[in-house]
>>> print(open('protein-v8.csv').read())   # CSV, C-alpha atoms
chain,number,residue,atom,x,y,z
A,85,MET,CA,-24.4,6.1,20.2
A,86,LYS,CA,-22.1,4.3,17.8
A,87,ILE,CA,-19.4,1.8,18.8
A,88,PHE,CA,-16.4,1.3,16.6
A,89,VAL,CA,-14.3,-1.8,17.2
A,90,VAL,CA,-10.8,-1.4,15.6
A,91,GLY,CA,-9.0,-4.7,15.6
A,92,SER,CA,-8.5,-8.3,14.4
A,93,LEU,CA,-10.6,-10.8,12.6
A,94,ASN,CA,-9.3,-14.4,12.6
A,95,MET,CA,-10.4,-17.8,11.5
A,96,ASP,CA,-9.7,-20.3,14.3
A,97,LEU,CA,-8.7,-23.8,13.2
A,98,VAL,CA,-9.2,-26.0,16.2
A,99,ILE,CA,-8.4,-29.7,16.7
A,100,LYS,CA,-8.4,-31.8,19.8
A,101,ALA,CA,-5.3,-34.1,20.4
A,102,PRO,CA,-4.6,-36.8,23.0
A,103,PHE,CA,-1.3,-35.2,23.9
A,104,MET,CA,1.0,-32.4,22.5
A,105,PRO,CA,3.1,-33.8,19.7
A,106,GLU,CA,6.9,-33.7,20.1
A,107,ASN,CA,9.2,-32.3,17.4
A,108,GLY,CA,8.7,-34.0,14.1
A,109,MET,CA,5.9,-36.2,15.4
A,110,THR,CA,2.5,-36.7,13.6
A,111,ILE,CA,-0.4,-37.8,15.8
A,112,GLY,CA,-4.1,-38.3,15.2
A,113,GLY,CA,-6.6,-35.7,16.4
A,114,GLU,CA,-10.4,-35.4,16.4
A,115,GLY,CA,-13.2,-32.8,16.5
A,116,PHE,CA,-11.7,-30.4,13.9
A,117,MET,CA,-13.7,-27.3,13.5
A,118,THR,CA,-13.3,-23.8,12.1
A,119,ASN,CA,-14.7,-20.9,14.2
A,120,PRO,CA,-14.8,-17.2,13.3
A,121,GLY,CA,-12.8,-15.3,15.9
A,122,GLY,CA,-10.2,-12.7,16.6
A,123,LYS,CA,-10.2,-10.5,19.6
A,124,GLY,CA,-11.7,-7.6,17.7
A,125,ALA,CA,-14.3,-9.6,15.9
A,126,ASN,CA,-15.3,-11.3,19.2
A,127,GLN,CA,-15.8,-7.8,20.8
A,128,ALA,CA,-17.9,-6.6,17.9
A,129,ALA,CA,-20.0,-9.8,17.9
A,130,ALA,CA,-20.6,-9.5,21.6
A,131,ILE,CA,-21.7,-5.9,21.3
A,132,GLY,CA,-23.9,-6.8,18.3
A,133,LYS,CA,-25.5,-9.7,20.3
A,134,LEU,CA,-26.4,-7.2,23.0
A,135,GLY,CA,-28.1,-4.9,20.5
A,136,GLY,CA,-25.3,-2.3,20.2
A,137,ASN,CA,-24.9,0.0,17.2
A,138,VAL,CA,-21.5,-1.5,16.3
A,139,ARG,CA,-19.1,-1.1,13.4
A,140,MET,CA,-16.1,-3.4,12.8
A,141,VAL,CA,-13.0,-1.8,11.5
A,142,GLY,CA,-10.4,-4.2,10.2
A,143,CYS,CA,-9.1,-6.3,7.3
A,144,VAL,CA,-9.7,-9.8,6.0
A,145,GLY,CA,-7.6,-11.8,3.5
A,146,GLU,CA,-8.4,-14.1,0.6
A,147,ALA,CA,-9.3,-17.3,2.5
A,148,PHE,CA,-12.2,-17.1,5.0
A,149,GLY,CA,-12.8,-13.3,4.5
A,150,ALA,CA,-16.4,-13.8,3.3
A,151,GLU,CA,-17.2,-16.2,6.1
A,152,LEU,CA,-15.8,-13.8,8.8
A,153,LYS,CA,-17.8,-10.9,7.4
A,154,GLY,CA,-20.9,-13.1,7.2
A,155,ALA,CA,-20.6,-14.2,10.8
A,156,LEU,CA,-20.4,-10.6,12.0
A,157,ASP,CA,-23.3,-9.6,9.7
A,158,GLY,CA,-25.3,-12.4,11.4
A,159,TYR,CA,-24.8,-10.7,14.8
A,160,GLY,CA,-25.9,-7.3,13.5
A,161,VAL,CA,-22.4,-5.8,13.1
A,162,ASN,CA,-21.9,-3.2,10.4
A,163,THR,CA,-19.0,-4.5,8.3
A,164,GLU,CA,-18.7,-1.6,5.9
A,165,TYR,CA,-15.2,-0.9,7.3
A,166,VAL,CA,-14.0,-4.5,7.0
A,167,LYS,CA,-11.7,-4.3,4.0
A,168,SER,CA,-10.7,-7.3,1.8
A,169,VAL,CA,-6.9,-7.4,1.1
A,170,GLY,CA,-5.4,-9.4,-1.7
A,171,GLY,CA,-2.2,-11.4,-1.6
A,172,VAL,CA,-2.3,-12.2,2.1
A,173,SER,CA,-4.0,-14.8,4.2
A,174,ASN,CA,-6.7,-14.0,6.6
A,175,GLY,CA,-5.7,-13.8,10.3
A,176,ILE,CA,-5.4,-17.4,11.4
A,177,ALA,CA,-5.3,-19.0,14.8
A,178,VAL,CA,-4.2,-22.7,14.8
A,179,ILE,CA,-5.4,-24.1,18.1
A,180,ILE,CA,-4.4,-27.5,19.5
A,181,VAL,CA,-6.5,-28.6,22.5
A,182,VAL,CA,-5.2,-31.3,24.9
A,183,ASP,CA,-7.2,-32.1,28.1
A,184,GLY,CA,-8.9,-28.7,28.0
A,185,ASP,CA,-5.6,-26.8,27.8
A,186,ASN,CA,-4.6,-25.2,24.5
A,187,ARG,CA,-1.7,-24.0,22.5
A,188,ILE,CA,-2.3,-21.3,19.9
A,189,ILE,CA,-0.2,-20.3,16.8
A,190,LEU,CA,-1.3,-17.0,15.4
A,191,ASP,CA,-0.6,-15.6,11.9
A,192,ALA,CA,-1.6,-11.9,11.8
A,193,GLY,CA,-2.2,-12.1,8.0
A,194,ALA,CA,-4.6,-9.3,6.8
A,195,ASN,CA,-4.8,-8.0,10.4
A,196,ALA,CA,-1.3,-6.5,9.8
A,197,LYS,CA,-2.9,-4.4,6.9
A,198,VAL,CA,-5.2,-2.3,9.1
A,199,SER,CA,-4.1,1.3,8.3
A,200,GLU,CA,-4.4,4.8,9.5
A,201,SER,CA,-6.5,5.7,6.4
A,202,LEU,CA,-9.0,2.9,7.2
A,203,VAL,CA,-9.3,4.2,10.8
A,204,ASP,CA,-9.8,7.8,9.4
A,205,GLU,CA,-12.4,6.5,6.9
A,206,ALA,CA,-14.4,4.8,9.6
A,207,LEU,CA,-14.2,7.6,12.2
A,208,LYS,CA,-15.5,10.2,9.7
A,209,GLU,CA,-19.0,9.3,11.0
A,210,ALA,CA,-18.0,9.2,14.7
A,211,GLU,CA,-19.2,11.9,17.1
A,212,ALA,CA,-18.4,13.0,20.7
A,213,GLY,CA,-19.8,10.4,23.1
A,214,ASP,CA,-19.4,7.5,20.6
A,215,TYR,CA,-17.1,4.6,21.7
A,216,LEU,CA,-13.9,3.2,20.3
A,217,VAL,CA,-13.0,-0.3,21.4
A,218,SER,CA,-9.7,-2.0,20.6
A,219,GLN,CA,-7.2,-4.8,21.6
A,220,LEU,CA,-3.7,-5.7,20.6
A,221,GLU,CA,-4.0,-8.2,17.7
A,222,ILE,CA,-3.2,-5.5,15.1
A,223,ASP,CA,-0.2,-3.3,14.8
A,224,LEU,CA,0.4,-1.3,18.0
A,225,SER,CA,1.0,1.9,16.0
A,226,ILE,CA,-2.5,1.6,14.6
A,227,VAL,CA,-4.0,1.0,18.0
A,228,GLU,CA,-2.3,4.1,19.3
A,229,TYR,CA,-3.4,6.1,16.2
A,230,ALA,CA,-7.0,5.0,16.6
A,231,LEU,CA,-7.1,5.8,20.3
A,232,LYS,CA,-5.6,9.3,19.7
A,233,LYS,CA,-8.0,10.1,16.8
A,234,ALA,CA,-11.0,8.9,18.9
A,235,LYS,CA,-10.0,11.2,21.9
A,236,GLU,CA,-9.6,14.1,19.4
A,237,LYS,CA,-13.2,13.5,18.4
A,238,GLY,CA,-14.4,13.4,22.1
A,239,MET,CA,-15.1,9.6,22.0
A,240,VAL,CA,-14.9,7.3,24.9
A,241,THR,CA,-12.1,4.7,24.5
A,242,LEU,CA,-11.7,1.1,25.8
A,243,LEU,CA,-8.7,-1.0,25.5
A,244,ASN,CA,-8.5,-4.7,26.2
A,245,PRO,CA,-4.6,-5.1,26.3
A,246,ALA,CA,-4.5,-8.6,24.8
A,247,PRO,CA,-2.3,-10.2,24.0
A,248,ALA,CA,-0.1,-8.5,26.5
A,249,ALA,CA,2.7,-6.3,25.0
A,250,LYS,CA,4.9,-3.4,25.9
A,251,LEU,CA,2.8,-0.3,25.3
A,252,SER,CA,3.7,3.3,24.6
A,253,GLU,CA,2.7,6.1,26.8
A,254,GLY,CA,0.4,7.3,24.1
A,255,ILE,CA,-1.7,4.2,24.3
A,256,PHE,CA,-2.1,4.5,28.0
A,257,ALA,CA,-2.8,8.3,27.8
A,258,ASN,CA,-5.6,7.8,25.3
A,259,SER,CA,-7.4,4.8,26.9
A,260,ASP,CA,-10.3,5.8,29.2
A,261,TYR,CA,-10.9,2.2,30.2
A,262,PHE,CA,-8.0,-0.3,30.4
A,263,ILE,CA,-9.5,-3.7,30.8
A,264,PRO,CA,-6.9,-6.5,31.3
A,265,ASN,CA,-7.6,-10.1,32.5
A,266,GLN,CA,-5.6,-11.6,35.4
A,267,SER,CA,-2.5,-12.6,33.4
A,268,GLU,CA,-2.5,-9.3,31.6
A,269,ALA,CA,-2.8,-7.4,34.8
A,270,GLU,CA,0.2,-9.3,36.2
A,271,PHE,CA,2.2,-8.5,33.0
A,272,TYR,CA,1.4,-4.7,33.3
A,273,THR,CA,1.8,-4.3,37.0
A,274,GLY,CA,4.5,-6.9,37.8
A,275,ILE,CA,2.3,-8.0,40.7
A,276,TYR,CA,1.8,-11.8,40.8
>>> encode(input="protein-v8.csv", output="structure tokens")
Amino acid sequence: MKIFVVGSLNMDLVIKAPFMPENGMTIGGEGFMTNPGGKGANQAAAIGKLGGNVRMVGCVGEAFGAELKGALDGYGVNTEYVKSVGGVSNGIAVIIVVDGDNRIILDAGANAKVSESLVDEALKEAEAGDYLVSQLEIDLSIVEYALKKAKEKGMVTLLNPAPAAKLSEGIFANSDYFIPNQSEAEFYTGIY
């Protein structure tokens, strides 16, 4: 069984701060670190760490692309379908942490370049019973396309609807497993 993860790859830029700066303010921070991430890459890494036969399908930009692919390779993830895109940044998450709480600014960068043709290329080797896993940090039209193509091939589909967004009927119809967290479940059901 093969598992295809169609989604995002980000480099997280994390810094701790004593408080959230106000408009126009510069403050000192500490503990700066970079960390490979992105909801899609995190899914692929977790599957790889568990010994799954996983392929990441996504795009990286000029900065941090090699590091992101290398991190996935280290977890046993097949990165044949992680394409490098010129002229754009990688997906970037700037994270400010204050007292264990965080604020995140996300630049989609190369994640916005994931295309139908890349999905088609990757799914050429997919068979009935294989899995497709996705989330919502790439263009929603590509998520919908990937889920539809996977169902046409008889694959099992899983969607982690994060970050929460208004979804088309096609996304719901082609998701075998819809796996929200608590805040996403509240968003989609209106039950708080």
>>> residues_around(input="protein-v8.csv", residues="stretch 249-265 of chain A", least_positions_apart="5", cutoff="10 Å", atoms="only C-alpha atoms", output="PyMOL selection string")
chain A and resi 216-220+224-225+227-236+239-244+270-272
>>> atom_distance(input="protein-v8.csv", atom1="atom CA of A:Thr118", atom2="atom CA of A:Leu156")
15.0 Å
>>> residues_around(input="protein-v8.csv", residues="A:Gly135", least_positions_apart="3", cutoff="8 Å", atoms="only C-alpha atoms", output="list of chain:residue names")
A:Ile131, A:Gly132, A:Gly160
>>> write_last_selection(input="protein-v8.csv", atoms="C-alpha atoms", output="PDB file, in the coordinates of the input")
ATOM      1  CA  ILE A 131     -21.700  -5.900  21.300  1.00  0.00           C
ATOM      2  CA  GLY A 132     -23.900  -6.800  18.300  1.00  0.00           C
ATOM      3  CA  GLY A 160     -25.900  -7.300  13.500  1.00  0.00           C
TER       4      GLY A 160
END
>>> atom_distance(input="protein-v8.csv", atom1="atom CA of A:Ser168", atom2="atom CA of A:Arg187")
28.1 Å
>>> atom_distance(input="protein-v8.csv", atom1="atom CA of A:Ala212", atom2="atom CA of A:Asn195")
27.1 Å
>>> closest_residue(input="protein-v8.csv", among="A:Gly121, A:Gly154, A:Gly170, A:Gly213", to="A:Gly238", atoms="all atoms listed in the file")
A:Gly213
>>> residues_around(input="protein-v8.csv", residues="A:Gly184", least_positions_apart="5", cutoff="12 Å", atoms="only C-alpha atoms", output="ChimeraX atom specification")
/A:99-104,179
>>> closest_residue(input="protein-v8.csv", among="A:Leu207, A:Ala125, A:Ala155, A:Met95", to="A:Ser173", atoms="all atoms listed in the file")
A:Met95
>>> residues_around(input="protein-v8.csv", residues="A:Met117", least_positions_apart="2", cutoff="9 Å", atoms="all atoms listed in the file", output="list in words")
Asp96, Leu97, Val98, Ile99, Gly115 and Asn119 of chain A
>>> residues_around(input="protein-v8.csv", residues="A:Arg139", least_positions_apart="5", cutoff="7 Å", atoms="all atoms listed in the file", output="number ranges by chain")
A: 87-89, 161-163
>>> closest_residue(input="protein-v8.csv", among="A:Val181, A:Leu152, A:Val141, A:Ala206", to="A:Phe116", atoms="only C-alpha atoms")
A:Val181
>>> decode(input="protein-v8.csv", residues="stretch 170-196 of chain A", atoms="N, CA, C and O atoms", output="short mmCIF file (atom, residue, chain, number, x, y, z; two decimals), in the first residue's frame")
data_model
loop_
_atom_site.label_atom_id
_atom_site.label_comp_id
_atom_site.auth_asym_id
_atom_site.auth_seq_id
_atom_site.Cartn_x
_atom_site.Cartn_y
_atom_site.Cartn_z
N GLY A 170 11.30 27.97 -9.17
CA GLY A 170 12.13 29.17 -9.14
C GLY A 170 11.28 30.43 -9.04
O GLY A 170 10.10 30.44 -9.38
N GLY A 171 11.91 31.47 -8.53
CA GLY A 171 11.27 32.78 -8.51
C GLY A 171 10.27 33.01 -7.39
O GLY A 171 9.62 34.06 -7.36
N VAL A 172 10.12 32.06 -6.48
CA VAL A 172 9.23 32.24 -5.33
C VAL A 172 9.93 31.75 -4.07
O VAL A 172 10.84 30.93 -4.13
N SER A 173 9.48 32.28 -2.95
CA SER A 173 10.01 31.78 -1.68
C SER A 173 9.42 30.42 -1.40
O SER A 173 8.44 30.00 -2.00
N ASN A 174 10.02 29.75 -0.48
CA ASN A 174 9.40 28.54 0.04
C ASN A 174 8.20 28.96 0.88
O ASN A 174 8.06 30.12 1.25
N GLY A 175 7.33 28.03 1.20
CA GLY A 175 6.31 28.32 2.19
C GLY A 175 7.00 28.67 3.50
O GLY A 175 7.93 27.98 3.90
N ILE A 176 6.58 29.74 4.13
CA ILE A 176 7.23 30.21 5.36
C ILE A 176 6.17 30.46 6.42
O ILE A 176 5.13 31.06 6.14
N ALA A 177 6.45 30.01 7.64
CA ALA A 177 5.62 30.34 8.79
C ALA A 177 6.49 31.08 9.79
O ALA A 177 7.48 30.54 10.27
N VAL A 178 6.17 32.35 10.04
CA VAL A 178 6.86 33.13 11.05
C VAL A 178 6.05 33.01 12.33
O VAL A 178 4.87 33.35 12.36
N ILE A 179 6.68 32.48 13.37
CA ILE A 179 5.96 32.14 14.60
C ILE A 179 6.57 32.91 15.77
O ILE A 179 7.77 32.76 16.04
N ILE A 180 5.74 33.70 16.44
CA ILE A 180 6.17 34.40 17.65
C ILE A 180 5.50 33.71 18.83
O ILE A 180 4.28 33.56 18.85
N VAL A 181 6.31 33.28 19.79
CA VAL A 181 5.80 32.56 20.95
C VAL A 181 5.95 33.44 22.19
O VAL A 181 7.04 33.91 22.50
N VAL A 182 4.80 33.66 22.88
CA VAL A 182 4.78 34.44 24.12
C VAL A 182 4.06 33.62 25.18
O VAL A 182 2.88 33.29 25.01
N ASP A 183 4.77 33.26 26.25
CA ASP A 183 4.18 32.48 27.35
C ASP A 183 3.45 31.24 26.85
O ASP A 183 2.35 30.92 27.31
N GLY A 184 4.04 30.53 25.91
CA GLY A 184 3.47 29.28 25.42
C GLY A 184 2.36 29.47 24.40
O GLY A 184 1.89 28.50 23.80
N ASP A 185 1.91 30.70 24.18
CA ASP A 185 0.89 30.99 23.16
C ASP A 185 1.63 31.48 21.93
O ASP A 185 2.74 32.01 22.02
N ASN A 186 1.04 31.29 20.74
CA ASN A 186 1.75 31.74 19.56
C ASN A 186 0.88 32.53 18.61
O ASN A 186 -0.34 32.45 18.66
N ARG A 187 1.53 33.29 17.77
CA ARG A 187 0.93 34.00 16.65
C ARG A 187 1.72 33.57 15.42
O ARG A 187 2.95 33.56 15.45
N ILE A 188 1.01 33.25 14.35
CA ILE A 188 1.67 32.72 13.15
C ILE A 188 1.30 33.56 11.95
O ILE A 188 0.11 33.88 11.74
N ILE A 189 2.31 33.93 11.16
CA ILE A 189 2.10 34.59 9.87
C ILE A 189 2.59 33.62 8.81
O ILE A 189 3.74 33.16 8.86
N LEU A 190 1.73 33.29 7.86
CA LEU A 190 2.04 32.26 6.86
C LEU A 190 2.13 32.87 5.47
O LEU A 190 1.24 33.62 5.05
N ASP A 191 3.22 32.57 4.76
CA ASP A 191 3.37 32.94 3.35
C ASP A 191 3.34 31.63 2.57
O ASP A 191 4.22 30.78 2.73
N ALA A 192 2.33 31.45 1.73
CA ALA A 192 2.19 30.19 0.98
C ALA A 192 3.39 29.92 0.09
O ALA A 192 3.80 28.78 -0.09
N GLY A 193 3.96 30.95 -0.50
CA GLY A 193 5.12 30.79 -1.37
C GLY A 193 4.92 29.69 -2.40
O GLY A 193 3.90 29.65 -3.10
N ALA A 194 5.86 28.76 -2.48
CA ALA A 194 5.81 27.69 -3.48
C ALA A 194 4.62 26.75 -3.29
O ALA A 194 4.21 26.07 -4.24
N ASN A 195 4.03 26.72 -2.10
CA ASN A 195 2.84 25.88 -1.90
C ASN A 195 1.71 26.27 -2.85
O ASN A 195 0.89 25.43 -3.21
N ALA A 196 1.69 27.53 -3.27
CA ALA A 196 0.66 27.99 -4.20
C ALA A 196 0.91 27.49 -5.63
O ALA A 196 0.08 27.68 -6.52
#
